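Below: one structure, written as structure tokens.
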Amino acid sequence: MIEIHLYGDLRRYIGQEDPRQDAVALVHARSELTVAEALQELGVPLDEARHIFINGLYDPEGLGRKLRDGDRIGVFPRNMTMPHIRLFAPRAKRESLA
């Protein structure tokens with residue numbers, strides 16, 4: 001299973017608008033499934049999804065990433081500012097350092 005955590009206005013697409021509750025959807029892992037495809041299955045318009053975190057790492061190319069069983073995805077909307085985003089190295093840079 002893949003956990004998709006939705007934040008801000010995106011929460012409404014899975015019927016969890018109460019900010020005191022987690023907005024988490026579970027998606028079955030399948031071969032070649034991307035973040036974008038998983039979001040589309042949930043009814044989340046891709047033009048509203050802006051900041052993607054995969055397993056705790058910010059990924060500016062996140063929508064196109066292929067998912068694996070056990071992945072945890074965080075998705076923040078376009079209208080939610082994230083001034084701290086510069087503190088996170090993009091995923092590609094982190095992987096090249098390993």
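Please note that chains go A, B, ... in the order of the structure tokens, that every chain numbers its residues from 1, and that ligands are numbered from 1 in the order shown.
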Please return, as a ChimeraX atom specification, all residues of range 8-92 of chain A that DSSP assigns to alpha helix (DSSP H) on the basis of the backbone. /A:35-41,91-92
Kindly save the residues from that selection, with C-alpha atoms included, as an mmCIF file, in the first residue's frame.
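To be explicit, this is the file written out as part_32.cif:
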data_model
loop_
_atom_site.group_PDB
_atom_site.id
_atom_site.type_symbol
_atom_site.label_atom_id
_atom_site.label_comp_id
_atom_site.auth_asym_id
_atom_site.auth_seq_id
_atom_site.Cartn_x
_atom_site.Cartn_y
_atom_site.Cartn_z
ATOM 1 C CA VAL A 35 2.415 10.006 -8.127
ATOM 2 C CA ALA A 36 0.358 11.802 -10.809
ATOM 3 C CA GLU A 37 -1.626 8.665 -11.622
ATOM 4 C CA ALA A 38 -2.292 7.961 -7.943
ATOM 5 C CA LEU A 39 -3.540 11.528 -7.424
ATOM 6 C CA GLN A 40 -5.782 11.285 -10.478
ATOM 7 C CA GLU A 41 -7.301 8.072 -9.063
ATOM 8 C CA ARG A 91 15.701 14.530 -4.176
ATOM 9 C CA ALA A 92 18.069 14.179 -7.138
#
Quick one: DSSP strand (DSSP E or B) residues in range 5-40 of chain A, as a count of residues only? 7
I want to know what sits within 12 Å of Gly62 in chain A, based on only C-alpha atoms, with residues of the same chain fewer than 5 positions away left out; could you give that as a list of chain:residue names?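 Once the adjacent positions are removed, what remains is A:Thr34, A:Val35, A:Ala36, A:Glu37, A:Ala38, A:Leu39, A:Leu46, A:Ala49, A:Arg50, A:His51, A:Ile52, A:Phe53, A:Ile54, A:Asn55, A:Gly56, A:Leu57, A:Leu67, A:Ile73, A:Gly74, A:Val75, A:Phe76, A:Pro90, A:Arg91, A:Ala92.
The space between CA of Val27 in chain A and CA of Ile4 in chain A spans 7.5 Å.
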Rounded to one decimal, what separation in Å do you get between CA of Gln21 in chain A and CA of Tyr7 in chain A? 10.6 Å
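Minimum atom-to-atom distances from A:Leu33, A:Leu6, A:Leu26, A:Ile14 to Gly64 in chain A were compared using only C-alpha atoms, and the lowest value belongs to A:Leu33.
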